[in-house]
Amino acid sequence: MSVGIVMLVHTALNRAEQVARHWTAAGCPVVIHVDSNVPRKVFRAFQSALADNDQVRFCRRHRCEWGTWGIVAASQSGAEMMLADFPDVRHVYLASGSCLPLRPVQELVDYLADRPLTDFIESATTADVPWTVGGLDEERFTLRFPFSWKKNRFLFDRYVEFQRRFRLYRRMPAGLVPHMGSQWWCLTRRTLSAILEDPDRQMFDTYFRQVWIPDESYFQTLVRLYSSNIESRSLTLSKFDFQGKPHIFYDDHLQLLRRSDCFVARKIWPWADRLYKAFLTDGSAAMKRTEPNPGKIDRIFAKAVERRTRGRPGLYMQSRFPNQDWENGLTSSPYSVFEGFSELFEDFEPWLTKITGTRVHGHLFADARAEFSGGAHLINGALSDNAICRDNDPKAFFTSLIWNTRGERQCFQFGPHDNQAIEWTLAKDPNAQISVISGAWAVPLFRSNKNFSVLRKEAAALQKIEAAHLDVLRSTWAKARVRIWTMAEFIESPMEPLQTIIDEIGTVSPRRLAEAPRMVDLEGFGRFLQNLKNQGMHPYLMGDFPVETEVRHAPKPPRKPYLVQ
Amino acid sequence: MGAWQSYKLRVKRQRWRGRAWRKHGELKPVIDRTAQIRPGDLLAFSTLRNEKIRLPFFLDYYRNMGIAHFCIVDNDSTDGSLDYLADQPDVSLWHTSAGYKRARFGVDWLNWLQSQYGHGHWCLVVDPDEFLVYPFCDTRPLRALTDWLDASSIRSFSAMLLDMYPKGRLDEQPYRPGQDPMDIASWFDSGNYTLKRNFEYGNLWIQGGPRRRMFFAEEPERAPALNKIPLVKWDRRYVYVSSTHMLLPRGLNLVYDEWGGEKASGILLHAKFLDTFNAKASEELERKQHYSASVEYKAYARRLDDNPELWCTWSEKYINWRQLEILGLMSKGNWA
């Protein structure tokens with residue numbers, strides 16, 4: 001009793017020949033179907049190359065085009081010839097010319113000999129499979145597909161639409177339940193002959209001729225009628241990418257394939273010499289078996305599909321340039337934006353660095369230059385602090401910064417003095433943690449020594465910018481984690497909000513903050529605001545400050561650190 | 001894209017094709033070995049002037065990759081490039097003394113040669129200082145990539161230009177013929193690039209890298225373009241519009257994914273900054289044959305007198321394609 005191989009071949013005939021010889025050398029007869037698209041001359045040469053091998057037969061040729069009946073017809077002819085010419089064969093294995101046996105053939109023979117009644121064919125009902133391409137699953141069976149998908153996509157699509165609109169559905173032959181699965185199967189003589197010799201075969205064939213991609217459903221459906229023992233999986237390892245086309249194996253997959261537990265892999269790149277050399281040796285010379293680890297192959301190919309469909313969040317590059325709102329992550333990792341903190345606290349940046357261990361920048365979008373931490377002119381990725389380059393494309397500057405420093409959380413200051421072009425990017429980014437002390441921009445003005453008329457003008461301009469900015473942060477499109485306090489509210493009890501922010505950054509031990517940053521001396525700030533009001537400018541973003549009674553809760557004495565027990 | 005725009009682009013494409021035809025009279029065949037080209041061969045096309053010192057490594061690099069035939073236009077070299085190339089068994093060579101600029105920086109010449117010899121082949125268009133790196137290039141030949149692109153119905157492959165530079169002054173380490181230029185110019189900028197979409201042609205416009213950082217910091221929008229599409233399954237109806245930055249029909253420029261995924265892409269390592277650079281820059285300034293009145297070379301000349309160092313503490317040292325992939329400069333896409 002042995003295993004017979006039906007091999008469908010259309011290109012790389014030299015490799016097919018090599019593999020066929022490998023099978024026959026191990027005692028497995030091979031029936032080869034050569035696509036009738038292959039020129040007669042090439043076919044003759046191929047045939048004569050294998051003429052010396054009496055275990056190899058060639059069956060009637062059909063024209064095989066992807067998604068059409070030809071492939072089923074080819075499998076039928078091959079299987080019929082196999083059953084008729086080699087009465088010893090108990091299991092018939094359907095393979096392609098680019099399939100490569102991964103394990104010694106004898107192992108496959110033994111494995112099948114132990115399971116003489118089992119049919120290995122992936123067969124699942126249409127409702128349960130996720131892999132349909134082109135949005136056709138149930139409809140594969142209920143519509144007609146006379147036009148080629150590859151060559152005549154336009155007519156194909158129009159005809160599908162036409163049938164849907166006029167509800168031109170057809171009915172499945174009685175008794176059939178549509179099933180689908182990998183086209184590479186291994187069936188027992190009993191099941192296969194039952195399918196091929198069924199008195200109703202003519203009817204089934206006529207029906208499946210019009211089914212879309214029948215090679216994935218013909219045997220998969222009919223086997224359910226006859227087989228008593230179906231193992232719904234394919235013995236052939238084949239991975240599909242997001243377009244439903246098989247992944248190809250190359251020389252560098254050698255170690256991976258050795259760890260597969262499948263008997264046969266497809267599809268192999270015809271020039272992968274190392275693979276063919278490594279696997280097409282007889283049992284004794286074959287490599288030592290390694291512990292199977294098929295999960296690794298799955299992971300690699302699943303990752304490839306994910307890279308192609310989802311990509312790496314926050315990356316903008318030559319082959320990934322998502323449309324707006326399709327970024328799947330505006331930036332690559334979380335970061336924090338602080339607005340008004342370094343104005344209110346004298347030593348906020350060093351304090352934050354010390355407490356959180358993150359990288360704390362100054363105002364990245366300041367007018368003069370990007371104030372990288374430590375006053376650096378260049379940062380990871382050789383990103384420059386040059387303001388002209390940055391303002392040429394602020395979003396690219398910022399997303400590059402976050403991408404380049406991934407693995408290390410970035411914090412930076414922002415305020416109404418800065419280039420506001422970036423604000424929507426920040427507001428829409430779920431990675432952003434934005435904390436705002438509104439009106440804190442007034443503190444540097446208050447402490448500066450400028451003419452009051454200048455200050456007044458500047459205060460009015462800054463307030464306008466910040467008000468617009470807060471509208472952005474509060475808009476319905478904002479996805480960032482936004483917290484806004486008025487300055488009056490914040491200095492009431494600065495530790496609580498600080499604790500919340502720091503906890504959320506989450507790089508510190510869960511202990512309570514022991515040390516607060518040093519707040520600037522606000523003695524006279526209320527008076528300053530009142531003066532602005534008296535000049536006709538209405539500062540409101542900082543909240544209500546009493547004019548005379550000074551902020552009593554401001555640290556006292558002013559130079560001593562704020563301690564909380 | 002509306003019918004009108006589509007029509008306008010079609011007219012443009014025909015105009016470039018016509019131009020290529022007009023300019024082909026300027027090319028004098030020196031040695032024509034194109035009869036050796038077999039169906040399915042991978043071809044390389046290049047224009048050069050006075051690059052003899054680079055040629056041995058350049059040719060070997062691409063031969064090893066699997067390029068079967070080189071079609072090269074020599075733009076009046078005086079350093080013996082012509083004789084050297086004529087002796088190579090897999091090079092077909094044309095000579096011209098016409099203006100590089102008048103031929104739109106060689107694009108017209110190569111468009112013509114590609115329409116004649118490239119039809120139906122995968123064609124790589126590179127300068128002698130550009131070295132293609134693609135995913136798995138250390139274990140798979142270029143044919144593996146083109147077969148995969150064919151199987152995926154992809155016609156063009158993007159490879160961004162990545163400027164390589166040495167550590168220290170440019171003239172510190174002399175380059176010897178046959179040497180791997182990346183032994184000297186082994187550093188690059190990994191993360192200071194900006195991308196914009198060109199809505200007319202559909203391509204991306206990438207700028208950045210050391211050239212913008214050092215020479216164009218004050219006028220970044222004039223920095224040289226780094227987007228390139230050097231590898232195309234050629235059809236005689238195709239044309240390169242401007243260098244290898246963009247093509248027509250514009251579907252060929254869609255080498256990037258717009259819905260968040262990554263397409264497969266490579267890198268052209270640009271080993272321009274060797275000790276040969278200063279001489280080249282001053283020569284090109286005199287010839288005024290480069291892009292927009294040689295603005296690039298003028299900018300270099302301004303800075304090169306004080307021998308700037310392109311290297312900085314954040315420069316990355318080139319290791320292999322996997323490093324470039326991890327840094328996000330190129331991608332494997334769904335090729336695994």
# chains A, B, ... in the order shown; residues from 1 in each chain; ligands from 1

$ residues_around --residues "segment 116-122 of chain A" --least-positions-apart "4" --cutoff "6 Å" --atoms "only C-alpha atoms" --output "number ranges by chain"
A: 181-182, 185-188, 229-234

$ write_last_selection --atoms "N, CA and C atoms" --output "PDB file, in the first residue's frame"
ATOM      1  N   GLY A 181     -12.059  25.267   1.611  1.00  0.00           N
ATOM      2  CA  GLY A 181     -10.809  24.987   2.302  1.00  0.00           C
ATOM      3  C   GLY A 181      -9.655  24.959   1.330  1.00  0.00           C
ATOM      4  N   SER A 182      -8.467  24.717   1.865  1.00  0.00           N
ATOM      5  CA  SER A 182      -7.267  24.685   1.041  1.00  0.00           C
ATOM      6  C   SER A 182      -7.436  23.682  -0.087  1.00  0.00           C
ATOM      7  N   TRP A 185      -5.196  18.560  -0.874  1.00  0.00           N
ATOM      8  CA  TRP A 185      -5.768  17.561   0.017  1.00  0.00           C
ATOM      9  C   TRP A 185      -5.056  16.228  -0.126  1.00  0.00           C
ATOM     10  N   CYS A 186      -5.423  15.316   0.747  1.00  0.00           N
ATOM     11  CA  CYS A 186      -4.924  13.957   0.657  1.00  0.00           C
ATOM     12  C   CYS A 186      -6.104  13.058   1.008  1.00  0.00           C
ATOM     13  N   LEU A 187      -6.671  12.354  -0.007  1.00  0.00           N
ATOM     14  CA  LEU A 187      -7.889  11.578   0.201  1.00  0.00           C
ATOM     15  C   LEU A 187      -7.615  10.085   0.027  1.00  0.00           C
ATOM     16  N   THR A 188      -8.452   9.288   0.658  1.00  0.00           N
ATOM     17  CA  THR A 188      -8.314   7.837   0.512  1.00  0.00           C
ATOM     18  C   THR A 188      -8.927   7.386  -0.807  1.00  0.00           C
ATOM     19  N   ASN A 229     -14.625   9.818   7.828  1.00  0.00           N
ATOM     20  CA  ASN A 229     -13.561  10.187   8.741  1.00  0.00           C
ATOM     21  C   ASN A 229     -12.745  11.325   8.154  1.00  0.00           C
ATOM     22  N   ILE A 230     -13.215  12.534   8.360  1.00  0.00           N
ATOM     23  CA  ILE A 230     -12.516  13.694   7.788  1.00  0.00           C
ATOM     24  C   ILE A 230     -11.668  14.352   8.860  1.00  0.00           C
ATOM     25  N   GLU A 231     -10.418  14.546   8.530  1.00  0.00           N
ATOM     26  CA  GLU A 231      -9.562  15.358   9.390  1.00  0.00           C
ATOM     27  C   GLU A 231      -9.446  16.695   8.666  1.00  0.00           C
ATOM     28  N   SER A 232     -10.107  17.723   9.212  1.00  0.00           N
ATOM     29  CA  SER A 232     -10.188  18.968   8.451  1.00  0.00           C
ATOM     30  C   SER A 232      -8.934  19.804   8.612  1.00  0.00           C
ATOM     31  N   ARG A 233      -7.890  19.368   7.960  1.00  0.00           N
ATOM     32  CA  ARG A 233      -6.678  20.181   7.860  1.00  0.00           C
ATOM     33  C   ARG A 233      -5.892  19.687   6.665  1.00  0.00           C
ATOM     34  N   SER A 234      -5.022  20.569   6.181  1.00  0.00           N
ATOM     35  CA  SER A 234      -4.234  20.196   5.026  1.00  0.00           C
ATOM     36  C   SER A 234      -2.871  19.715   5.506  1.00  0.00           C
TER      37      SER A 234
END

$ closest_atom_pairs --of "chain B" --to "chain A" --cutoff "7 Å" --atoms "only C-alpha atoms" --output "Markdown table"
| residue | atom | partner | partner_atom | distance |
| --- | --- | --- | --- | --- |
| B:Thr139 | CA | A:Asp252 | CA | 6.3 |
| B:Met160 | CA | A:Gln318 | CA | 6.6 |
| B:Asp189 | CA | A:Ala382 | CA | 5.6 |
| B:Ser190 | CA | A:Gly381 | CA | 4.6 |
| B:Gly191 | CA | A:Gly381 | CA | 4.0 |
| B:Asn192 | CA | A:Leu383 | CA | 4.9 |
| B:Thr194 | CA | A:Ala396 | CA | 5.6 |
| B:Arg213 | CA | A:Ser384 | CA | 6.9 |
| B:Ala217 | CA | A:Cys389 | CA | 6.2 |
| B:Glu218 | CA | A:Ile388 | CA | 6.3 |
| B:Pro220 | CA | A:Cys389 | CA | 5.7 |
| B:Val255 | CA | A:Ser319 | CA | 5.9 |
| B:Tyr256 | CA | A:Ser319 | CA | 3.7 |
| B:Asp257 | CA | A:Arg320 | CA | 5.1 |
| B:Glu258 | CA | A:Pro322 | CA | 4.1 |
| B:Trp259 | CA | A:Pro322 | CA | 5.1 |
| B:Gly260 | CA | A:Pro322 | CA | 4.9 |
| B:Gly261 | CA | A:Gly311 | CA | 4.2 |
| B:Glu262 | CA | A:Arg308 | CA | 4.7 |
| B:Lys263 | CA | A:Ser319 | CA | 5.2 |
| B:Ala264 | CA | A:Ser319 | CA | 6.8 |
| B:Ser265 | CA | A:Ser319 | CA | 6.2 |
| B:Trp314 | CA | A:Ala382 | CA | 5.0 |
| B:Ser315 | CA | A:Ala382 | CA | 6.2 |
| B:Gly328 | CA | A:Leu315 | CA | 6.8 |
| B:Leu329 | CA | A:Met317 | CA | 6.3 |
| B:Gly333 | CA | A:Arg308 | CA | 5.0 |
| B:Asn334 | CA | A:Ala304 | CA | 4.5 |
| B:Trp335 | CA | A:Ala304 | CA | 6.5 |
| B:Ala336 | CA | A:Ala304 | CA | 6.0 |

$ residues_around --residues "segment 228-230 of chain B" --least-positions-apart "6" --cutoff "12 Å" --atoms "only C-alpha atoms" --output "VMD selection string"
(chain A and resid 318 to 319) or (chain B and resid 43 to 46 122 to 127 130 to 134 155 to 162 203 to 207 239 to 248 250 252 to 256 265 to 270)

$ select_by_dssp --residues "segment 413-455 of chain A" --states "helix (DSSP H, G or I)" --output "list in words"
Gln420, Ala421, Ile422, Glu423, Trp424, Thr425, Leu426, Ala427, Ala442, Val443, Pro444, Leu445, Phe446, Arg447, Phe452, Ser453, Val454 and Leu455 of chain A

$ write_last_selection --atoms "N, CA and C atoms" --output "compact mmCIF listing (two decimals), in the first residue's frame"
# COMPACT_ATOMS: atom_id res chain seq x y z
N GLN A 420 1.75 77.37 16.66
CA GLN A 420 0.52 76.63 16.99
C GLN A 420 0.13 75.61 15.92
N ALA A 421 0.90 75.55 14.84
CA ALA A 421 0.49 74.68 13.73
C ALA A 421 0.36 73.22 14.14
N ILE A 422 1.01 72.84 15.23
CA ILE A 422 1.03 71.44 15.63
C ILE A 422 -0.19 71.07 16.47
N GLU A 423 -1.01 72.07 16.89
CA GLU A 423 -1.99 71.81 17.95
C GLU A 423 -3.00 70.72 17.59
N TRP A 424 -3.42 70.66 16.32
CA TRP A 424 -4.41 69.63 15.99
C TRP A 424 -3.81 68.24 16.05
N THR A 425 -2.55 68.14 15.63
CA THR A 425 -1.88 66.84 15.71
C THR A 425 -1.85 66.37 17.16
N LEU A 426 -1.51 67.29 18.06
CA LEU A 426 -1.46 66.91 19.48
C LEU A 426 -2.84 66.56 19.99
N ALA A 427 -3.81 67.40 19.66
CA ALA A 427 -5.15 67.21 20.23
C ALA A 427 -5.78 65.90 19.74
N ALA A 442 0.82 84.57 31.78
CA ALA A 442 0.85 85.93 32.33
C ALA A 442 1.96 86.09 33.36
N VAL A 443 2.44 84.94 33.89
CA VAL A 443 3.45 85.04 34.96
C VAL A 443 4.75 85.66 34.46
N PRO A 444 5.31 85.16 33.33
CA PRO A 444 6.54 85.81 32.85
C PRO A 444 6.31 87.29 32.54
N LEU A 445 5.12 87.62 32.04
CA LEU A 445 4.85 89.03 31.76
C LEU A 445 4.90 89.83 33.06
N PHE A 446 4.24 89.24 34.05
CA PHE A 446 4.18 89.89 35.36
C PHE A 446 5.57 90.11 35.93
N ARG A 447 6.45 89.15 35.71
CA ARG A 447 7.79 89.26 36.27
C ARG A 447 8.74 90.04 35.37
N PHE A 452 4.34 98.81 30.42
CA PHE A 452 3.04 98.21 30.62
C PHE A 452 2.22 98.18 29.34
N SER A 453 2.37 99.19 28.50
CA SER A 453 1.58 99.20 27.25
C SER A 453 1.97 98.02 26.37
N VAL A 454 3.27 97.70 26.37
CA VAL A 454 3.73 96.54 25.60
C VAL A 454 3.15 95.26 26.19
N LEU A 455 3.23 95.19 27.52
CA LEU A 455 2.73 94.01 28.21
C LEU A 455 1.26 93.78 27.92
